[in-house]
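Colleague: Input structure: work.cif, which contains mmCIF, C-alpha atoms and all ligand atoms.
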data_run
loop_
_atom_site.label_atom_id
_atom_site.label_comp_id
_atom_site.auth_asym_id
_atom_site.auth_seq_id
_atom_site.Cartn_x
_atom_site.Cartn_y
_atom_site.Cartn_z
CA MET A 8 -18.38 -81.20 131.01
CA GLU A 9 -17.78 -83.02 127.78
CA SER A 10 -20.23 -85.69 126.69
CA HIS A 11 -18.94 -89.07 125.52
CA SER A 12 -20.51 -92.11 123.86
CA SER A 13 -19.22 -95.58 123.24
CA PRO A 14 -20.36 -99.13 122.67
CA ALA A 15 -20.01 -100.97 125.98
CA VAL A 16 -20.85 -104.08 127.99
CA VAL A 17 -22.18 -103.89 131.56
CA LEU A 18 -19.71 -105.67 133.84
CA ARG A 19 -21.53 -105.12 137.15
CA TRP A 20 -23.95 -102.84 138.91
CA ARG A 21 -25.26 -102.08 142.38
CA ALA A 22 -28.23 -100.20 143.70
CA TYR A 23 -27.52 -96.79 145.19
CA GLY A 24 -30.04 -94.91 147.29
CA GLU A 25 -33.73 -95.14 146.41
CA SER A 26 -33.58 -95.20 142.64
CA ASP A 27 -29.99 -94.88 141.35
CA LYS A 28 -27.57 -97.46 140.02
CA ILE A 29 -23.79 -97.45 140.06
CA VAL A 30 -22.65 -99.32 136.98
CA THR A 31 -19.27 -100.46 135.67
CA PHE A 32 -18.90 -100.84 131.91
CA LEU A 33 -16.16 -102.01 129.63
CA THR A 34 -16.37 -99.46 126.84
CA ARG A 35 -14.75 -99.79 123.44
CA ASP A 36 -13.38 -96.26 123.34
CA PHE A 37 -12.52 -95.39 126.97
CA GLY A 38 -11.71 -98.69 128.65
CA LYS A 39 -13.43 -99.45 131.90
CA ILE A 40 -15.64 -96.73 133.38
CA THR A 41 -17.91 -96.57 136.41
CA GLY A 42 -20.81 -94.18 136.51
CA ILE A 43 -23.98 -93.31 138.34
CA GLY A 44 -27.34 -93.58 136.63
CA LYS A 45 -29.61 -91.14 138.45
CA GLY A 46 -33.13 -92.53 138.67
CA ALA A 47 -31.97 -95.52 136.61
CA ARG A 48 -34.21 -97.99 138.40
CA ASN A 49 -37.30 -96.03 137.33
CA SER A 50 -36.36 -94.52 133.98
CA ARG A 51 -37.29 -96.93 131.18
CA ARG A 52 -36.81 -94.11 128.71
CA ARG A 53 -33.15 -93.32 129.40
CA PHE A 54 -32.23 -96.84 130.54
CA PRO A 55 -34.51 -99.43 128.88
CA ASN A 56 -33.15 -102.57 130.63
CA SER A 57 -29.77 -101.32 129.52
CA LEU A 58 -28.04 -101.30 132.91
CA GLU A 59 -28.47 -105.03 133.55
CA LEU A 60 -25.48 -107.32 133.87
CA LEU A 61 -24.13 -108.40 130.44
CA ALA A 62 -26.20 -105.85 128.52
CA ARG A 63 -24.55 -104.69 125.32
CA VAL A 64 -25.28 -101.01 125.02
CA LYS A 65 -24.32 -97.68 123.58
CA VAL A 66 -23.68 -95.59 126.67
CA HIS A 67 -23.73 -91.78 126.81
CA PHE A 68 -22.00 -90.18 129.76
CA ARG A 69 -20.25 -87.11 131.08
CA GLN A 70 -17.26 -87.05 133.36
CA LYS A 71 -15.14 -84.38 134.97
CA GLN A 72 -11.56 -85.38 134.72
CA GLU A 73 -11.02 -85.29 138.48
CA ALA A 74 -14.32 -86.97 139.37
CA SER A 75 -14.19 -90.67 140.03
CA LEU A 76 -17.77 -91.39 138.95
CA ALA A 77 -19.12 -90.68 135.49
CA PHE A 78 -22.62 -89.25 135.13
CA LEU A 79 -24.64 -91.65 132.96
CA GLU A 80 -26.99 -89.76 130.67
CA SER A 81 -28.57 -92.71 128.87
CA ALA A 82 -27.80 -96.15 127.48
CA GLU A 83 -29.40 -97.74 124.43
CA LEU A 84 -29.81 -101.48 124.67
CA LEU A 85 -28.23 -103.37 121.73
CA GLY A 86 -28.79 -106.83 123.26
CA PRO A 87 -29.54 -109.26 124.77
CA ASP A 88 -32.81 -109.69 126.62
CA THR A 89 -31.12 -111.20 129.67
CA SER A 90 -34.48 -112.14 131.20
CA ALA A 91 -34.74 -114.76 128.42
CA MET A 92 -31.30 -116.29 129.11
CA SER A 93 -30.94 -119.52 131.12
CA PRO A 94 -29.37 -119.35 134.61
CA GLU A 95 -26.35 -121.28 133.27
CA ARG A 96 -25.71 -118.83 130.47
CA LEU A 97 -26.13 -115.88 132.79
CA ALA A 98 -23.74 -117.43 135.30
CA TYR A 99 -21.05 -118.10 132.70
CA GLY A 100 -21.61 -114.69 131.18
CA ALA A 101 -21.12 -113.17 134.63
CA TYR A 102 -17.92 -115.19 134.94
CA MET A 103 -16.56 -113.84 131.64
CA ALA A 104 -17.56 -110.29 132.58
CA GLU A 105 -15.91 -110.61 135.98
CA LEU A 106 -12.66 -111.79 134.39
CA ALA A 107 -12.74 -108.80 132.04
CA GLU A 108 -13.46 -106.51 134.98
CA GLN A 109 -10.43 -107.74 136.89
CA MET A 110 -8.08 -107.73 133.89
CA THR A 111 -8.80 -104.19 132.66
CA VAL A 112 -8.17 -100.71 134.02
CA GLU A 113 -10.16 -97.50 134.05
CA TRP A 114 -9.77 -95.09 131.14
CA ASN A 115 -7.33 -97.31 129.29
CA PRO A 116 -9.06 -98.56 126.16
CA VAL A 117 -7.79 -101.81 124.68
CA ILE A 118 -10.03 -102.39 121.71
CA GLU A 119 -9.09 -106.08 121.32
CA THR A 120 -10.22 -106.80 124.89
CA TYR A 121 -13.51 -105.02 124.33
CA GLN A 122 -14.07 -106.89 121.06
CA LEU A 123 -13.36 -110.21 122.74
CA LEU A 124 -15.89 -109.56 125.49
CA GLU A 125 -18.50 -108.35 123.01
CA GLU A 126 -17.93 -111.39 120.77
CA ALA A 127 -18.23 -113.68 123.79
CA MET A 128 -21.50 -112.07 124.87
CA VAL A 129 -22.94 -112.39 121.35
CA SER A 130 -21.78 -116.01 121.24
CA LEU A 131 -23.50 -116.71 124.56
CA GLU A 132 -26.73 -115.28 123.21
CA GLY A 133 -26.58 -117.87 120.43
CA GLY A 134 -25.77 -120.99 122.43
CA PRO A 135 -24.56 -122.51 125.69
CA ALA A 136 -21.19 -121.80 127.31
CA THR A 137 -19.23 -124.89 126.31
CA ALA A 138 -15.88 -125.80 127.87
CA SER A 139 -14.05 -124.95 124.65
CA LEU A 140 -15.75 -121.55 124.44
CA LEU A 141 -14.80 -120.74 128.04
CA ARG A 142 -11.19 -121.91 127.67
CA ALA A 143 -10.84 -119.95 124.43
CA TYR A 144 -12.16 -116.82 126.12
CA GLU A 145 -9.73 -117.24 129.03
CA LEU A 146 -6.70 -117.79 126.79
CA LYS A 147 -7.61 -114.93 124.47
CA LEU A 148 -8.23 -112.58 127.39
CA LEU A 149 -4.85 -113.44 128.95
CA ASP A 150 -3.26 -112.84 125.56
CA ARG A 151 -5.02 -109.49 124.96
CA VAL A 152 -3.95 -108.09 128.33
CA GLY A 153 -0.37 -109.25 127.89
CA PHE A 154 -0.35 -112.23 130.27
CA GLY A 155 -0.70 -114.97 127.66
CA PRO A 156 1.71 -117.87 128.17
CA PRO A 157 4.10 -118.69 125.32
CA LEU A 158 2.61 -121.82 123.73
CA GLU A 159 4.98 -122.21 120.79
CA ARG A 160 8.32 -122.73 122.48
CA CYS A 161 9.80 -124.01 125.71
CA THR A 162 10.11 -121.03 128.05
CA ARG A 163 13.48 -122.30 129.26
CA CYS A 164 15.40 -123.36 126.15
CA GLU A 165 13.17 -122.03 123.34
CA THR A 166 12.86 -125.41 121.60
CA PRO A 167 9.60 -125.50 119.59
CA LEU A 168 6.95 -127.57 121.39
CA SER A 169 5.82 -130.34 119.06
CA ARG A 170 2.54 -132.17 118.80
CA SER A 171 4.21 -135.55 119.06
CA GLU A 172 6.01 -134.94 122.37
CA GLU A 173 4.97 -134.44 125.94
CA SER A 174 5.54 -130.99 127.50
CA PHE A 175 5.36 -129.82 131.09
CA PHE A 176 3.25 -127.07 132.62
CA ALA A 177 4.92 -125.06 135.37
CA ALA A 178 1.92 -123.51 137.13
CA ALA A 179 3.93 -121.19 139.39
CA GLN A 180 5.57 -119.55 136.37
CA GLY A 181 2.57 -119.95 134.05
CA ALA A 182 4.94 -121.46 131.51
CA LEU A 183 5.41 -124.54 129.36
CA TRP A 184 8.66 -126.43 129.30
CA CYS A 185 9.78 -128.99 126.75
CA GLY A 186 10.20 -132.66 127.72
CA ARG A 187 13.95 -132.27 128.15
CA CYS A 188 13.77 -129.23 130.47
CA GLY A 189 10.78 -130.52 132.43
CA SER A 190 11.55 -134.16 133.06
CA GLY A 191 12.72 -134.83 136.61
CA GLU A 192 11.65 -131.38 137.88
CA ASP A 193 9.29 -131.26 140.87
CA GLY A 194 5.81 -129.79 140.77
CA LEU A 195 5.31 -129.87 136.99
CA VAL A 196 2.36 -131.40 135.22
CA ALA A 197 2.94 -133.45 132.07
CA ILE A 198 0.70 -132.50 129.17
CA GLN A 199 0.29 -134.15 125.80
CA GLY A 200 1.51 -132.34 122.68
CA ARG A 201 -2.03 -132.68 121.38
CA LEU A 202 -3.35 -130.47 124.19
CA VAL A 203 -0.65 -127.82 123.70
CA GLU A 204 -1.65 -127.66 120.06
CA ARG A 205 -5.30 -127.34 121.05
CA LEU A 206 -4.53 -124.48 123.48
CA ARG A 207 -2.82 -122.68 120.61
CA GLY A 208 -5.92 -123.25 118.49
CA LEU A 209 -8.23 -121.93 121.19
CA ARG A 210 -6.10 -118.80 121.44
CA GLU A 211 -6.10 -118.21 117.66
CA TRP A 212 -9.44 -119.42 116.30
CA SER A 213 -12.70 -117.49 116.37
CA LEU A 214 -14.92 -118.20 119.37
CA GLU A 215 -17.47 -119.83 117.06
CA ARG A 216 -14.90 -122.25 115.70
CA CYS A 217 -13.71 -123.04 119.24
CA ARG A 218 -17.26 -123.80 120.27
CA SER A 219 -17.65 -126.23 117.37
CA GLU A 220 -14.56 -128.22 118.35
CA PRO A 221 -15.20 -129.83 121.76
CA LEU A 222 -12.29 -130.56 124.10
CA THR A 223 -13.46 -134.14 124.89
CA THR A 224 -10.77 -135.99 126.87
CA ASP A 225 -8.64 -132.87 127.42
CA ARG A 226 -11.50 -130.94 128.98
CA ASP A 227 -10.53 -131.18 132.66
CA GLN A 228 -6.82 -130.66 132.14
CA ALA A 229 -7.43 -127.64 129.91
CA ALA A 230 -9.65 -126.12 132.62
CA ARG A 231 -6.99 -126.69 135.28
CA ILE A 232 -4.30 -125.07 133.15
CA THR A 233 -6.27 -121.93 132.30
CA GLY A 234 -7.52 -121.73 135.89
CA GLN A 235 -3.95 -121.73 137.17
CA LEU A 236 -2.85 -119.19 134.57
CA LEU A 237 -5.68 -116.84 135.56
CA ALA A 238 -4.97 -117.32 139.26
CA LEU A 239 -1.53 -115.75 138.74
CA HIS A 240 -3.18 -112.47 137.71
CA LEU A 241 -6.48 -112.18 139.57
CA VAL A 242 -6.55 -109.53 142.27
CA ARG A 243 -9.41 -111.09 144.26
CA PRO A 244 -11.48 -114.30 144.27
CA LEU A 245 -14.14 -114.54 141.57
CA LYS A 246 -17.64 -114.14 142.99
CA SER A 247 -19.25 -115.62 139.88
CA LEU A 248 -17.65 -119.01 140.57
CA ARG A 249 -19.90 -119.48 143.60
CA THR A 250 -23.01 -119.26 141.41
CA ILE A 251 -21.51 -121.67 138.88
CA GLU A 252 -20.65 -124.19 141.61
CA GLN A 253 -24.14 -123.85 143.08
CA LEU A 254 -25.72 -124.50 139.66
CA SER A 255 -23.62 -127.60 139.07
CA ARG A 256 -24.49 -128.91 142.56
CA ASP A 257 -28.19 -128.36 141.87
CA ARG A 258 -27.89 -130.28 138.62
CA GLY A 259 -26.27 -133.09 140.59
ZN ZN B 1 13.28 -126.72 127.03
#
Can I see the file as structure tokens?
Ligand SMILES: [Zn+2]

Modeller:
Amino acid sequence: MESHSSPAVVLRWRAYGESDKIVTFLTRDFGKITGIGKGARNSRRRFPNSLELLARVKVHFRQKQEASLAFLESAELLGPDTSAMSPERLAYGAYMAELAEQMTVEWNPVIETYQLLEEAMVSLEGGPATASLLRAYELKLLDRVGFGPPLERCTRCETPLSRSEESFFAAAQGALWCGRCGSGEDGLVAIQGRLVERLRGLREWSLERCRSEPLTTDRDQAARITGQLLALHLVRPLKSLRTIEQLSRDRG
């Protein structure tokens, strides 16, 4: 059996038997993989806190082509110390990891998707998950996996969408229509040109720049739009949202 190594982020794990863990990673070089870490809950040498959710690691594993589970040999922890992260950051990190988990496939490496997740995890280690950081991550992820909505032109007539005019968001199609195509149509949501321009920015800018430019008055509408875009492509409900809702209820 050939041995492989790759930088990776832990997307989820579950206990298996007395001392094993079954862990799903997004790896840079192999796409998503799931493997079993024998004795992982006891071995600090081979797995020094490196199979925790959101851990950035270098994972070493073997896999028979026909076998569904990889055999995890070891994983070096590159960061972070998740025990030092606030519940909010962990919850939003789990949300970003769960989105990546749903939007990627096994053994199909897409380096841009891996880099986005890694950059997001590093960003979360440095500061809180702001609305603009989350929306940027969602738009970039949709874009990397090929589901990004066209934000430059009307999907119907291809007229460029301008900052000075209102556009319309067609949630069912995940598309933007210009004022002319959208006016009078049922079930569309009017959005300001300013917000369309901001969504383009969030898709293009670095995550750090996005974080430094808050969404202010467009915050709720931006969240609704990306939420509806994601909903078109998610295969099952997001478990991490329950934790996030619970945290915001607790905060009052
Ligand atoms: Zn149009």

Colleague: Please find the residues contacting ligand ZN 1 (chain B) at a distance of at most 9 Å between atoms, with all atoms listed in the file counted, and report them as a VMD selection string.

Modeller: chain A and resid 160 to 168 174 183 to 189

Colleague: Name the residues in contact with segment 113-124 of chain A at a cut-off of 12 Å, using only C-alpha atoms, excluding same-chain residues fewer than 6 positions from it; report them as a VMD selection string.

Modeller: chain A and resid 13 to 18 31 to 42 61 to 63 70 72 75 to 77 100 to 107 130 to 131 140 to 141 143 to 153 210 to 215

Colleague: Could you state the separation of atom CA of Glu159 of chain A and atom CA of Ala177 of chain A in Å, given to one decimal place?

Modeller: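 Atom-to-atom, atom CA of Glu159 of chain A and atom CA of Ala177 of chain A are spaced 14.9 Å apart.
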
Colleague: Find, counting all atoms listed in the file, the residue in A:Leu158, A:Leu202, A:Ala47, A:Met110 that gets nearest to Glu173 of chain A.

Modeller: A:Leu202

Colleague: Choose the residue, out of A:Phe176, A:Pro94, A:Thr137, A:Gly181, that has the smallest atom-to-atom separation from Ala238 of chain A; count only C-alpha atoms.

Modeller: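 With only C-alpha atoms as the atom set, the closest residue is A:Gly181.
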
Colleague: By how many Å are atom CA of Val30 of chain A and atom CA of Gly44 of chain A apart?

Modeller: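 We find that atom CA of Val30 of chain A and atom CA of Gly44 of chain A lie 7.4 Å from each other.
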
Colleague: To one decimal place in Å, what is the distance between atom CA of Arg216 of chain A and atom CA of Ser139 of chain A?

Modeller: 9.4 Å

Colleague: Between A:Leu97, A:Met8, A:Ala178, A:Leu209, which residue has the minimum interatomic distance to Leu254 of chain A, considering all atoms listed in the file?

Modeller: A:Leu97

Colleague: Around (1.4, -132.9, 126.5) in the file's frame, which residues reach within 9 Å when counting all atoms listed in the file? Return as a PyMOL selection string?

Modeller: chain A and resi 170-176+186+196-204

Colleague: Find the axis-aligned box for segment 47-61 of chain A, covering all its listed atoms and adding 3 Å on each side, and write its centre and edge lengths in Å to one decimal as JSON.

Modeller:
{"center_x": -30.7, "center_y": -100.9, "center_z": 133.6, "size_x": 19.2, "size_y": 21.1, "size_z": 15.7}

Colleague: Start from the incomplete input, build N, CA and C atoms for segment 237-259 of chain A, and deliver everything as an mmCIF file, keeping the file's coordinate frame.

Modeller:
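As written to disk, rebuild.cif reads:
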data_model
loop_
_atom_site.group_PDB
_atom_site.id
_atom_site.type_symbol
_atom_site.label_atom_id
_atom_site.label_comp_id
_atom_site.auth_asym_id
_atom_site.auth_seq_id
_atom_site.Cartn_x
_atom_site.Cartn_y
_atom_site.Cartn_z
ATOM 1 N N LEU A 237 -4.904 -118.009 135.111
ATOM 2 C CA LEU A 237 -5.680 -116.840 135.560
ATOM 3 C C LEU A 237 -5.357 -116.496 137.005
ATOM 4 N N ALA A 238 -5.203 -117.539 137.829
ATOM 5 C CA ALA A 238 -4.970 -117.320 139.260
ATOM 6 C C ALA A 238 -3.711 -116.477 139.500
ATOM 7 N N LEU A 239 -2.760 -116.546 138.575
ATOM 8 C CA LEU A 239 -1.530 -115.750 138.740
ATOM 9 C C LEU A 239 -1.809 -114.250 138.629
ATOM 10 N N HIS A 240 -2.946 -113.887 138.014
ATOM 11 C CA HIS A 240 -3.180 -112.470 137.710
ATOM 12 C C HIS A 240 -4.435 -111.882 138.339
ATOM 13 N N LEU A 241 -5.251 -112.708 138.979
ATOM 14 C CA LEU A 241 -6.480 -112.180 139.570
ATOM 15 C C LEU A 241 -6.157 -111.453 140.868
ATOM 16 N N VAL A 242 -6.844 -110.317 141.072
ATOM 17 C CA VAL A 242 -6.550 -109.530 142.270
ATOM 18 C C VAL A 242 -7.426 -109.934 143.452
ATOM 19 N N ARG A 243 -8.560 -110.593 143.172
ATOM 20 C CA ARG A 243 -9.410 -111.090 144.260
ATOM 21 C C ARG A 243 -10.201 -112.299 143.762
ATOM 22 N N PRO A 244 -10.750 -113.098 144.702
ATOM 23 C CA PRO A 244 -11.480 -114.300 144.270
ATOM 24 C C PRO A 244 -12.680 -113.930 143.401
ATOM 25 N N LEU A 245 -13.026 -114.811 142.489
ATOM 26 C CA LEU A 245 -14.140 -114.540 141.570
ATOM 27 C C LEU A 245 -15.468 -114.896 142.227
ATOM 28 N N LYS A 246 -16.337 -113.901 142.362
ATOM 29 C CA LYS A 246 -17.640 -114.140 142.990
ATOM 30 C C LYS A 246 -18.518 -115.028 142.118
ATOM 31 N N SER A 247 -18.377 -114.881 140.800
ATOM 32 C CA SER A 247 -19.250 -115.620 139.880
ATOM 33 C C SER A 247 -19.047 -117.127 139.975
ATOM 34 N N LEU A 248 -17.892 -117.569 140.467
ATOM 35 C CA LEU A 248 -17.650 -119.010 140.570
ATOM 36 C C LEU A 248 -18.595 -119.667 141.566
ATOM 37 N N ARG A 249 -18.985 -118.920 142.604
ATOM 38 C CA ARG A 249 -19.900 -119.480 143.600
ATOM 39 C C ARG A 249 -21.236 -119.858 142.956
ATOM 40 N N THR A 250 -21.748 -118.974 142.104
ATOM 41 C CA THR A 250 -23.010 -119.260 141.410
ATOM 42 C C THR A 250 -22.864 -120.469 140.500
ATOM 43 N N ILE A 251 -21.735 -120.549 139.801
ATOM 44 C CA ILE A 251 -21.510 -121.670 138.880
ATOM 45 C C ILE A 251 -21.438 -122.979 139.662
ATOM 46 N N GLU A 252 -20.743 -122.966 140.792
ATOM 47 C CA GLU A 252 -20.650 -124.190 141.610
ATOM 48 C C GLU A 252 -22.025 -124.580 142.148
ATOM 49 N N GLN A 253 -22.796 -123.577 142.570
ATOM 50 C CA GLN A 253 -24.140 -123.850 143.080
ATOM 51 C C GLN A 253 -25.013 -124.493 141.988
ATOM 52 N N LEU A 254 -24.915 -123.950 140.772
ATOM 53 C CA LEU A 254 -25.720 -124.500 139.660
ATOM 54 C C LEU A 254 -25.317 -125.944 139.372
ATOM 55 N N SER A 255 -24.022 -126.226 139.400
ATOM 56 C CA SER A 255 -23.620 -127.600 139.070
ATOM 57 C C SER A 255 -23.986 -128.559 140.191
ATOM 58 N N ARG A 256 -24.013 -128.057 141.459
ATOM 59 C CA ARG A 256 -24.490 -128.910 142.560
ATOM 60 C C ARG A 256 -25.981 -129.213 142.389
ATOM 61 N N ASP A 257 -26.737 -128.175 142.038
ATOM 62 C CA ASP A 257 -28.190 -128.360 141.870
ATOM 63 C C ASP A 257 -28.512 -129.357 140.765
ATOM 64 N N ARG A 258 -27.669 -129.328 139.717
ATOM 65 C CA ARG A 258 -27.890 -130.280 138.620
ATOM 66 C C ARG A 258 -27.510 -131.690 139.032
ATOM 67 N N GLY A 259 -26.717 -131.802 140.118
ATOM 68 C CA GLY A 259 -26.270 -133.090 140.590
ATOM 69 C C GLY A 259 -25.144 -133.595 139.742
#
